[in-house]
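Below is run-v7.cif, holding mmCIF, C-alpha atoms.
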```
data_entry
loop_
_atom_site.label_atom_id
_atom_site.label_comp_id
_atom_site.auth_asym_id
_atom_site.auth_seq_id
_atom_site.Cartn_x
_atom_site.Cartn_y
_atom_site.Cartn_z
CA MET A 1 73.46 136.21 108.36
CA THR A 2 71.52 139.22 107.11
CA ASN A 3 67.76 139.20 106.77
CA PRO A 4 66.42 139.63 103.26
CA ILE A 5 64.87 142.97 102.34
CA PRO A 6 61.11 142.68 102.95
CA SER A 7 58.94 142.96 99.87
CA VAL A 8 56.48 145.86 99.95
CA ILE A 9 53.23 144.51 98.56
CA ALA A 10 51.76 146.68 95.84
CA SER A 11 48.54 148.57 96.38
CA ALA A 12 46.12 150.30 94.02
CA HIS A 13 43.17 152.67 94.51
CA TYR A 14 41.19 154.90 92.20
CA GLU A 15 40.46 158.61 92.81
CA PRO A 16 37.87 160.23 90.53
CA SER A 17 38.46 163.78 89.42
CA GLY A 18 36.56 165.81 86.79
CA ALA A 19 35.97 163.95 83.52
CA GLY A 20 38.30 161.15 84.48
CA GLY A 21 40.35 160.01 87.39
CA ALA A 22 43.67 158.80 88.64
CA LEU A 23 44.72 155.26 89.48
CA ARG A 24 47.41 155.42 92.15
CA VAL A 25 49.73 152.42 92.25
CA ALA A 26 52.37 151.94 94.95
CA GLY A 27 54.81 149.30 96.21
CA ARG A 28 56.61 146.59 94.30
CA LEU A 29 55.14 145.75 90.91
CA ASP A 30 56.52 142.24 90.64
CA SER A 31 54.72 138.93 90.25
CA ALA A 32 54.06 138.60 93.98
CA GLY A 33 52.90 142.20 94.42
CA ILE A 34 50.59 142.13 91.41
CA THR A 35 49.06 138.83 92.53
CA ALA A 36 48.31 140.26 95.99
CA THR A 37 46.85 143.51 94.71
CA TRP A 38 44.96 142.09 91.76
CA PRO A 39 41.53 142.04 93.49
CA ALA A 40 41.90 145.67 94.58
CA LEU A 41 43.06 146.61 91.09
CA CYS A 42 39.99 144.98 89.52
CA VAL A 43 37.67 146.83 91.95
CA ALA A 44 39.40 150.13 91.23
CA MET A 45 39.14 149.71 87.48
CA SER A 46 35.50 148.65 87.62
CA SER A 47 34.62 151.87 89.47
CA ALA A 48 36.69 154.10 87.19
CA ARG A 49 34.95 156.65 84.99
CA ARG A 50 35.23 156.45 81.25
CA GLY A 51 37.30 159.29 79.87
CA SER A 52 40.83 160.21 80.80
CA LEU A 53 42.84 158.02 83.13
CA THR A 54 46.15 158.87 84.73
CA ILE A 55 48.12 156.04 86.26
CA ASP A 56 50.20 157.58 89.04
CA ALA A 57 53.23 155.37 89.63
CA SER A 58 55.31 157.86 91.64
CA ASP A 59 55.15 155.62 94.73
CA VAL A 60 56.24 152.47 92.88
CA THR A 61 59.45 151.20 94.50
CA TYR A 62 60.20 148.37 92.03
CA CYS A 63 58.91 147.38 88.61
CA ASP A 64 59.95 144.36 86.55
CA GLY A 65 58.53 142.72 83.44
CA SER A 66 55.37 141.70 85.28
CA GLY A 67 54.73 145.29 86.34
CA ILE A 68 55.36 146.65 82.85
CA GLY A 69 53.00 144.03 81.45
CA ILE A 70 50.15 144.91 83.81
CA LEU A 71 50.58 148.67 83.29
CA ALA A 72 50.71 148.22 79.52
CA GLY A 73 47.60 146.04 79.68
CA LEU A 74 45.72 148.70 81.65
CA VAL A 75 46.73 151.49 79.28
CA GLY A 76 45.95 149.43 76.20
CA ALA A 77 42.57 148.27 77.48
CA TRP A 78 41.57 151.81 78.42
CA ARG A 79 42.57 153.17 75.01
CA SER A 80 40.78 150.35 73.23
CA ALA A 81 37.60 151.30 75.09
CA GLY A 82 37.78 154.82 73.64
CA GLY A 83 39.41 156.65 76.54
CA THR A 84 42.79 158.30 77.00
CA ALA A 85 45.38 156.91 79.38
CA SER A 86 48.82 158.11 80.46
CA ILE A 87 51.57 157.12 82.88
CA ALA A 88 52.92 159.58 85.43
CA GLY A 89 55.70 159.30 87.98
CA LEU A 90 57.38 156.25 86.44
CA GLN A 91 61.00 156.20 85.35
CA SER A 92 61.41 157.42 81.79
CA ASP A 93 62.90 154.18 80.46
CA LEU A 94 60.17 152.07 82.06
CA ALA A 95 57.51 154.49 80.82
CA ARG A 96 58.79 154.08 77.26
CA LEU A 97 58.55 150.30 77.58
CA VAL A 98 54.97 150.62 78.82
CA GLU A 99 54.03 152.87 75.88
CA VAL A 100 55.63 150.54 73.34
CA ALA A 101 53.90 147.50 74.82
CA ALA A 102 50.54 149.29 75.09
CA ASP A 103 50.61 150.40 71.44
CA ALA A 104 51.63 146.96 70.13
CA LYS A 105 49.04 145.44 67.84
CA VAL A 106 47.65 142.06 68.74
CA PRO A 107 47.97 139.65 65.78
CA GLU A 108 44.64 139.02 64.14
CA ALA A 109 43.27 135.54 64.13
CA PRO A 110 43.47 133.94 60.69
CA ARG A 111 40.23 134.47 58.84
CA SER A 112 38.34 131.54 57.47
CA VAL A 113 38.28 131.42 53.68
CA GLY A 114 35.60 129.64 51.74
CA PHE A 115 36.24 127.17 48.96
CA VAL A 116 35.41 129.60 46.15
CA ALA A 117 37.54 132.37 47.68
CA SER A 118 40.40 129.93 48.21
CA CYS A 119 40.26 128.85 44.56
CA GLY A 120 40.22 132.49 43.48
CA GLU A 121 43.22 133.38 45.63
CA SER A 122 45.12 130.37 44.34
CA ALA A 123 44.33 131.33 40.74
CA ILE A 124 45.50 134.91 41.32
CA ALA A 125 48.71 133.72 42.99
CA THR A 126 49.37 131.24 40.17
CA THR A 127 48.80 133.93 37.54
CA LYS A 128 51.20 136.30 39.29
CA THR A 129 53.79 133.54 39.55
CA LEU A 130 53.48 132.73 35.84
CA VAL A 131 53.79 136.39 34.87
CA ASP A 132 56.82 136.74 37.12
CA LEU A 133 58.34 133.57 35.66
CA VAL A 134 57.84 134.74 32.07
CA ASN A 135 59.42 138.08 32.99
CA PHE A 136 62.37 136.28 34.60
CA ILE A 137 62.93 134.02 31.57
CA GLY A 138 62.72 136.98 29.22
CA ARG A 139 65.29 139.00 31.18
CA VAL A 140 67.68 136.04 31.29
CA LEU A 141 67.36 135.43 27.53
CA VAL A 142 67.94 139.09 26.71
CA ILE A 143 71.10 139.18 28.84
CA LEU A 144 72.38 135.92 27.32
CA VAL A 145 71.87 137.29 23.81
CA GLU A 146 73.69 140.46 24.82
CA ALA A 147 76.52 138.30 26.17
CA LEU A 148 76.99 136.79 22.71
CA VAL A 149 77.43 140.27 21.26
CA ARG A 150 79.33 141.80 24.18
CA PRO A 151 81.01 139.02 26.21
CA ARG A 152 82.63 141.53 28.54
CA SER A 153 79.19 142.44 29.92
CA ILE A 154 79.22 139.16 31.90
CA ARG A 155 81.10 138.82 35.19
CA TRP A 156 83.31 135.93 34.10
CA SER A 157 85.21 135.90 37.40
CA ASP A 158 81.98 135.05 39.25
CA THR A 159 81.14 132.50 36.56
CA LEU A 160 84.51 130.80 36.99
CA ARG A 161 84.21 130.80 40.77
CA THR A 162 80.73 129.26 40.60
CA PHE A 163 81.95 126.74 38.01
CA LEU A 164 84.62 125.63 40.47
CA LYS A 165 82.11 125.09 43.28
CA ALA A 166 79.32 123.60 41.15
CA GLY A 167 81.50 121.54 38.82
CA VAL A 168 84.95 120.61 40.04
CA LEU A 169 83.99 120.12 43.67
CA ALA A 170 81.03 117.93 42.64
CA LEU A 171 83.23 115.38 40.83
CA PRO A 172 83.67 113.00 43.82
CA VAL A 173 79.94 112.74 44.51
CA VAL A 174 79.00 112.33 40.84
CA SER A 175 81.75 109.76 40.31
CA LEU A 176 80.68 107.67 43.28
CA LEU A 177 76.97 107.69 42.45
CA CYS A 178 77.42 106.93 38.75
CA PHE A 179 79.90 104.14 39.48
CA LEU A 180 77.46 102.56 41.91
CA ILE A 181 74.55 102.99 39.48
CA GLY A 182 76.49 101.20 36.74
CA ALA A 183 77.44 98.40 39.14
CA ILE A 184 73.85 98.05 40.35
CA ILE A 185 72.50 97.78 36.81
CA ALA A 186 75.05 95.10 36.02
CA PHE A 187 74.24 93.21 39.22
CA GLN A 188 70.50 93.29 38.54
CA THR A 189 70.71 92.26 34.88
CA ILE A 190 73.48 89.66 34.87
CA GLY A 191 71.26 87.07 36.56
CA PRO A 192 68.31 87.17 34.14
CA MET A 193 70.61 87.57 31.11
CA SER A 194 72.67 84.53 32.13
CA GLN A 195 69.54 82.37 31.88
CA TYR A 196 69.55 83.01 28.14
CA GLY A 197 73.33 82.74 27.78
CA ALA A 198 73.70 86.46 27.19
CA LYS A 199 75.91 87.56 30.06
CA LEU A 200 78.10 89.62 27.79
CA GLN A 201 75.12 91.66 26.60
CA VAL A 202 74.97 93.17 30.09
CA ALA A 203 77.61 95.60 28.82
CA GLN A 204 75.17 96.84 26.19
CA VAL A 205 72.44 97.35 28.78
CA VAL A 206 74.79 99.27 31.06
CA GLY A 207 76.14 101.41 28.23
CA VAL A 208 72.75 102.42 26.83
CA ALA A 209 71.15 102.99 30.25
CA VAL A 210 74.02 105.04 31.66
CA ILE A 211 74.99 107.14 28.65
CA ARG A 212 71.48 107.86 27.39
CA GLU A 213 69.56 108.26 30.62
CA LEU A 214 71.05 107.66 34.03
CA GLY A 215 74.36 109.48 33.63
CA PRO A 216 72.82 112.88 32.80
CA LEU A 217 69.87 112.24 35.14
CA ILE A 218 71.91 111.34 38.22
CA THR A 219 74.30 114.22 37.57
CA ALA A 220 71.41 116.67 37.24
CA ILE A 221 69.80 115.48 40.47
CA VAL A 222 73.12 115.89 42.28
CA LEU A 223 73.48 119.36 40.78
CA ALA A 224 69.94 120.29 41.88
CA GLY A 225 70.51 119.13 45.45
CA ARG A 226 74.00 120.54 45.72
CA SER A 227 74.27 123.63 43.53
CA GLY A 228 70.64 124.58 42.89
CA SER A 229 69.99 124.76 46.61
CA ALA A 230 73.17 126.80 47.06
CA PHE A 231 72.01 129.29 44.42
CA ALA A 232 68.65 129.68 46.14
CA ALA A 233 70.22 130.04 49.59
CA GLU A 234 72.80 132.60 48.48
CA ILE A 235 70.40 134.81 46.55
CA GLY A 236 67.66 134.31 49.17
CA THR A 237 69.97 135.48 51.93
CA MET A 238 70.81 138.54 49.88
CA ARG A 239 67.10 139.19 49.44
CA VAL A 240 66.42 138.93 53.19
CA THR A 241 69.37 141.18 54.08
CA GLN A 242 68.25 143.68 51.37
CA GLU A 243 71.49 143.39 49.43
CA ILE A 244 69.51 142.88 46.21
CA ASP A 245 67.62 146.10 46.91
CA ALA A 246 70.98 147.81 47.37
CA LEU A 247 72.14 146.50 43.98
CA SER A 248 69.01 147.90 42.34
CA THR A 249 69.57 151.22 44.10
CA PHE A 250 73.08 151.42 42.63
CA GLY A 251 71.68 150.70 39.17
CA LEU A 252 72.91 147.10 38.96
CA ASP A 253 70.54 144.51 37.50
CA PRO A 254 70.31 141.54 39.93
CA VAL A 255 69.61 139.17 37.05
CA ARG A 256 72.75 140.23 35.17
CA PHE A 257 74.84 140.47 38.34
CA LEU A 258 73.71 137.30 40.17
CA VAL A 259 71.62 134.99 37.98
CA VAL A 260 73.37 134.83 34.62
CA PRO A 261 76.86 133.97 35.97
CA ARG A 262 75.39 131.09 37.98
CA MET A 263 73.38 129.78 35.04
CA LEU A 264 76.37 129.95 32.71
CA ALA A 265 78.50 128.11 35.28
CA ALA A 266 75.86 125.38 35.54
CA MET A 267 75.63 125.12 31.74
CA PHE A 268 79.42 124.74 31.45
CA ALA A 269 79.75 122.33 34.37
CA MET A 270 76.84 120.00 33.69
CA PRO A 271 77.99 118.50 30.32
CA LEU A 272 81.47 117.88 31.72
CA LEU A 273 80.10 116.29 34.87
CA SER A 274 77.69 114.20 32.81
CA THR A 275 80.49 112.94 30.56
CA PHE A 276 82.62 112.03 33.54
CA GLY A 277 79.62 110.35 35.16
CA ASP A 278 79.06 108.29 31.99
CA LEU A 279 82.63 107.02 32.17
CA MET A 280 82.30 106.12 35.83
CA GLY A 281 78.97 104.37 35.24
CA VAL A 282 80.47 102.28 32.46
CA ALA A 283 83.41 101.52 34.74
CA GLY A 284 80.99 100.38 37.44
CA GLY A 285 79.37 97.94 35.05
CA PHE A 286 82.76 96.60 33.98
CA SER A 287 83.74 95.95 37.62
CA VAL A 288 80.86 93.47 37.88
CA LEU A 289 81.55 91.77 34.56
CA MET A 290 85.26 91.57 35.34
CA ALA A 291 84.38 89.71 38.54
CA ASN A 292 82.48 87.25 36.34
CA GLY A 293 85.48 86.53 34.09
CA PHE A 294 85.04 88.95 31.21
CA THR A 295 87.92 90.99 29.84
CA LEU A 296 88.13 94.71 29.09
CA GLY A 297 88.36 94.00 25.35
CA GLN A 298 85.11 92.04 25.37
CA TYR A 299 83.42 94.81 27.36
CA VAL A 300 84.58 97.55 24.98
CA ASP A 301 83.52 95.52 21.93
CA GLN A 302 79.99 95.20 23.29
CA LEU A 303 79.85 98.93 24.01
CA GLN A 304 80.90 99.71 20.45
CA ILE A 305 78.18 97.42 19.11
CA SER A 306 75.38 98.97 21.20
CA LEU A 307 76.37 102.66 21.26
CA THR A 308 76.51 105.28 18.54
CA PRO A 309 77.66 108.92 18.62
CA SER A 310 74.01 109.99 18.67
CA ASP A 311 73.56 108.24 22.03
CA PHE A 312 76.34 110.32 23.55
CA LEU A 313 75.02 113.52 21.94
CA GLN A 314 71.55 112.73 23.20
CA GLY A 315 72.82 112.52 26.77
CA LEU A 316 74.87 115.67 26.27
CA ALA A 317 71.83 117.61 25.01
CA LYS A 318 69.83 116.46 28.01
CA SER A 319 72.57 117.61 30.37
CA VAL A 320 72.49 121.14 28.92
CA VAL A 321 68.70 121.33 29.31
CA PHE A 322 68.94 120.00 32.87
CA ALA A 323 71.60 122.61 33.69
CA ILE A 324 69.35 125.43 32.49
CA LEU A 325 66.46 124.09 34.58
CA VAL A 326 68.55 123.62 37.73
CA GLY A 327 70.32 126.98 37.52
CA GLY A 328 67.20 128.90 36.57
CA THR A 329 65.04 127.27 39.25
CA GLY A 330 67.58 127.88 42.02
CA CYS A 331 68.08 131.54 41.09
CA TYR A 332 64.35 132.16 40.55
CA CYS A 333 63.41 130.70 43.94
CA GLY A 334 66.17 132.75 45.56
CA LEU A 335 64.88 135.98 44.04
CA ARG A 336 61.34 135.21 45.27
CA THR A 337 62.44 134.73 48.88
CA LYS A 338 60.08 136.41 51.33
CA GLU A 339 60.76 137.98 54.71
CA GLY A 340 61.10 135.96 57.90
CA PRO A 341 63.52 133.64 59.65
CA GLY A 342 62.49 130.56 57.67
CA ALA A 343 62.22 132.22 54.26
CA VAL A 344 65.64 131.11 53.04
CA GLY A 345 64.94 127.52 54.05
CA ASP A 346 61.61 127.58 52.25
CA SER A 347 63.23 128.93 49.08
CA THR A 348 65.94 126.28 49.22
CA THR A 349 63.35 123.53 49.66
CA ARG A 350 61.28 124.83 46.75
CA SER A 351 64.31 125.05 44.49
CA VAL A 352 65.36 121.46 45.14
CA VAL A 353 61.87 120.00 44.80
CA ALA A 354 60.99 122.05 41.72
CA GLY A 355 64.38 121.34 40.15
CA ILE A 356 64.09 117.56 40.54
CA VAL A 357 60.48 117.55 39.27
CA LEU A 358 61.43 119.64 36.23
CA ILE A 359 64.41 117.38 35.53
CA ILE A 360 62.26 114.24 35.51
CA ALA A 361 59.56 115.91 33.41
CA ALA A 362 62.10 117.27 30.92
CA ASP A 363 63.76 113.85 30.68
CA ALA A 364 60.41 112.26 29.80
CA VAL A 365 59.63 114.92 27.19
CA LEU A 366 63.09 114.76 25.62
CA GLY A 367 62.98 110.98 25.57
CA ALA A 368 59.66 111.07 23.71
CA VAL A 369 60.97 113.71 21.27
CA PHE A 370 64.14 111.75 20.51
CA HIS A 371 62.07 108.61 19.98
CA VAL A 372 59.73 110.34 17.54
CA VAL A 373 62.59 111.96 15.68
CA GLY A 374 64.34 108.63 15.53
CA ILE A 375 67.57 109.54 17.23
#
```

Encoded form (structure tokens):
Amino acid sequence: MTNPIPSVIASAHYEPSGAGGALRVAGRLDSAGITATWPALCVAMSSARRGSLTIDASDVTYCDGSGIGILAGLVGAWRSAGGTASIAGLQSDLARLVEVAADAKVPEAPRSVGFVASCGESAIATTKTLVDLVNFIGRVLVILVEALVRPRSIRWSDTLRTFLKAGVLALPVVSLLCFLIGAIIAFQTIGPMSQYGAKLQVAQVVGVAVIRELGPLITAIVLAGRSGSAFAAEIGTMRVTQEIDALSTFGLDPVRFLVVPRMLAAMFAMPLLSTFGDLMGVAGGFSVLMANGFTLGQYVDQLQISLTPSDFLQGLAKSVVFAILVGGTGCYCGLRTKEGPGAVGDSTTRSVVAGIVLIIAADAVLGAVFHVVGI
């Protein structure tokens, strides 16, 4: 059995010379050596003259992260006090690490902001966001108008690919949710309606609720959580990896190249998904009534009594508006992604939350408008 190599404890002493001095360090600069020589190092530094300091490390036999940290701390502290410090005799690669660590800036503590200043900063940030949002909407509208005149200016291959992911692949989720929503409405209303002998009118409730409101609404929420977040994540990742900057450098408009195809795909997919969701919601309501002894003919008759073409068109118009909100919000949040490891996640979260809030708000406004108009 061989004996381990003995550790040479580090030592440090200061030698004044001229306008400065030299701090000579020797031995092993590891955690054990630095701990043992720390008192001597403090005494040497306290007696050092202000001015130039040379740390002579030619007799250092070993230096790890602890040694680099202590040398960088000495150099940085000396320079912060107004003096000049340099490393001599250390291996070139270790000396570079010491210089990099010594010149690293210590993060500043967050400053305290008063209430008035906080309100002012929030107002400025909100104003910038609104200006940026108006600019974004204007660019999208201009490109969409150009697409009507010159359809070949749009990347239809990207639009079709996004339509496949946002529309076709979302059919199972939309179908399941709308079917369950229709069944739940029927379950919740058949009891109270049966007290008045109006079980069959449950079909009217399901039809109006699903086709006017819940079909487009549930589909839009699914689209916001599934596709809107994907838009924000994709474009946000391109922002973090500077791919969007590269597109601008090559003269390609990111809005035309990335945003418009995704918004068009959402606008094409949403009405179709909403229509399919309406059918599944109505089918969900019929499954409950069928279990209670009603036939398909009776169910369809009640739907024809309660529904008009304007009800279906109302839901279709809502779905188009929801698609614009979802696609625009996801792409806008993606373009505003900041730097950092969590920036893409933050953009995705903002797109989903903002998309759902805008969907609910738009549904309330459109419902009030349709009521006033009399549709």

Q. So how many Å separate atom CA of A:Glu243 and atom CA of A:Val131, to one decimal?
A.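 Atom-to-atom, atom CA of A:Glu243 to atom CA of A:Val131, that is 24.0 Å.
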
Q: Return as number ranges by chain the set of residues that the PyMOL selection byres ((chain A and resi 352) around 12) yields on the displayed structure.
A: A: 220-233, 325-334, 345-351, 353-359

Q | One-decimal distance in Å that lies between atom CA of A:Ser157 and atom CA of A:Ala269 | A |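 Interatomic distance, atom CA of A:Ala269 to atom CA of A:Ser157: 14.9 Å.
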
Q) With distances taken over all atoms listed in the file, which of A:Phe187, A:Trp156, A:Phe268, A:Trp38 is nearest to A:Val320? A) A:Phe268

Q: Give me, please, the distance in Å between atom CA of A:Ile211 and atom CA of A:Val168, quoted to one decimal.
A: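 So the answer is 20.3 Å.
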
Check what the PyMOL selection byres ((chain A and resi 272-278) around 9) selects in the file above and give those residues as a PDB file with C-alpha atoms, keeping the file's coordinate frame.
```pdb
ATOM      1  CA  GLY A 167      81.500 121.540  38.820  1.00  0.00           C
ATOM      2  CA  VAL A 168      84.950 120.610  40.040  1.00  0.00           C
ATOM      3  CA  ALA A 170      81.030 117.930  42.640  1.00  0.00           C
ATOM      4  CA  LEU A 171      83.230 115.380  40.830  1.00  0.00           C
ATOM      5  CA  VAL A 174      79.000 112.330  40.840  1.00  0.00           C
ATOM      6  CA  SER A 175      81.750 109.760  40.310  1.00  0.00           C
ATOM      7  CA  LEU A 176      80.680 107.670  43.280  1.00  0.00           C
ATOM      8  CA  LEU A 177      76.970 107.690  42.450  1.00  0.00           C
ATOM      9  CA  CYS A 178      77.420 106.930  38.750  1.00  0.00           C
ATOM     10  CA  PHE A 179      79.900 104.140  39.480  1.00  0.00           C
ATOM     11  CA  GLY A 182      76.490 101.200  36.740  1.00  0.00           C
ATOM     12  CA  GLY A 207      76.140 101.410  28.230  1.00  0.00           C
ATOM     13  CA  VAL A 210      74.020 105.040  31.660  1.00  0.00           C
ATOM     14  CA  ILE A 211      74.990 107.140  28.650  1.00  0.00           C
ATOM     15  CA  ARG A 212      71.480 107.860  27.390  1.00  0.00           C
ATOM     16  CA  LEU A 214      71.050 107.660  34.030  1.00  0.00           C
ATOM     17  CA  GLY A 215      74.360 109.480  33.630  1.00  0.00           C
ATOM     18  CA  PRO A 216      72.820 112.880  32.800  1.00  0.00           C
ATOM     19  CA  LEU A 217      69.870 112.240  35.140  1.00  0.00           C
ATOM     20  CA  ILE A 218      71.910 111.340  38.220  1.00  0.00           C
ATOM     21  CA  THR A 219      74.300 114.220  37.570  1.00  0.00           C
ATOM     22  CA  ALA A 220      71.410 116.670  37.240  1.00  0.00           C
ATOM     23  CA  PHE A 268      79.420 124.740  31.450  1.00  0.00           C
ATOM     24  CA  ALA A 269      79.750 122.330  34.370  1.00  0.00           C
ATOM     25  CA  MET A 270      76.840 120.000  33.690  1.00  0.00           C
ATOM     26  CA  PRO A 271      77.990 118.500  30.320  1.00  0.00           C
ATOM     27  CA  LEU A 279      82.630 107.020  32.170  1.00  0.00           C
ATOM     28  CA  MET A 280      82.300 106.120  35.830  1.00  0.00           C
ATOM     29  CA  GLY A 281      78.970 104.370  35.240  1.00  0.00           C
ATOM     30  CA  VAL A 282      80.470 102.280  32.460  1.00  0.00           C
ATOM     31  CA  ALA A 283      83.410 101.520  34.740  1.00  0.00           C
ATOM     32  CA  PHE A 312      76.340 110.320  23.550  1.00  0.00           C
ATOM     33  CA  GLY A 315      72.820 112.520  26.770  1.00  0.00           C
ATOM     34  CA  LEU A 316      74.870 115.670  26.270  1.00  0.00           C
ATOM     35  CA  SER A 319      72.570 117.610  30.370  1.00  0.00           C
TER      36      SER A 319
END
```

Q: Determine, counting all atoms listed in the file, which protein, DNA and RNA residues have an atom within 8 Å of an atom of stretch 236-240 of chain A; residues of the same chain fewer than 5 positions away are not included. Present the result as a ChimeraX atom specification.
A: /A:245,333-340,343-344,347

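Among the candidates A:Ala362, A:Cys63, A:Ile324, A:Val300, the one nearest to A:Ser31 when counting all atoms listed in the file is A:Cys63.
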
(Q) Assuming the chain letters and numbering stay as they are in my file, what does the PyMOL selection byres ((chain A and resi 247-254) around 12) actually select? List them as a list in words. (A) Phe136, Arg139, Val140, Ile143, Ser153, Ile154, Ile235, Met238, Arg239, Thr241, Gln242, Glu243, Ile244, Asp245, Ala246, Val255, Arg256, Phe257, Leu258, Val259, Val260, Pro261, Arg262, Cys331, Tyr332, Gly334 and Leu335 of chain A

Q.
Report as a ChimeraX atom specification all protein, DNA and RNA residues lying within 10 Å of A:Ile305, evaluated on all atoms listed in the file, omitting residues in the same chain fewer than 6 positions from it.
A. /A:201,203-204

For the residues in that selection, give me C-alpha atoms as a PDB file, in the frame of the given file.
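Contents of the output file out_5.pdb:
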```pdb
ATOM      1  CA  GLN A 201      75.120  91.660  26.600  1.00  0.00           C
ATOM      2  CA  ALA A 203      77.610  95.600  28.820  1.00  0.00           C
ATOM      3  CA  GLN A 204      75.170  96.840  26.190  1.00  0.00           C
TER       4      GLN A 204
END
```

Q | Spatial neighbours of A:Asn292, max dist 10 Å, all atoms listed in the file, sep filter under 6 positions, as a ChimeraX atom specification | A | /A:190,199-200,286

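Distances to A:Thr189 were evaluated for A:Leu289, A:Ala166, A:Ile137, A:Met45 using all atoms listed in the file, and the minimum falls at A:Leu289.
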
Q) Of the candidates A:Ala183, A:Leu160, A:Val202, A:Ile360, which shows the shortest atom-to-atom distance to A:Ala266, using only C-alpha atoms? A)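 Closest to A:Ala266 of all the choices is A:Leu160.
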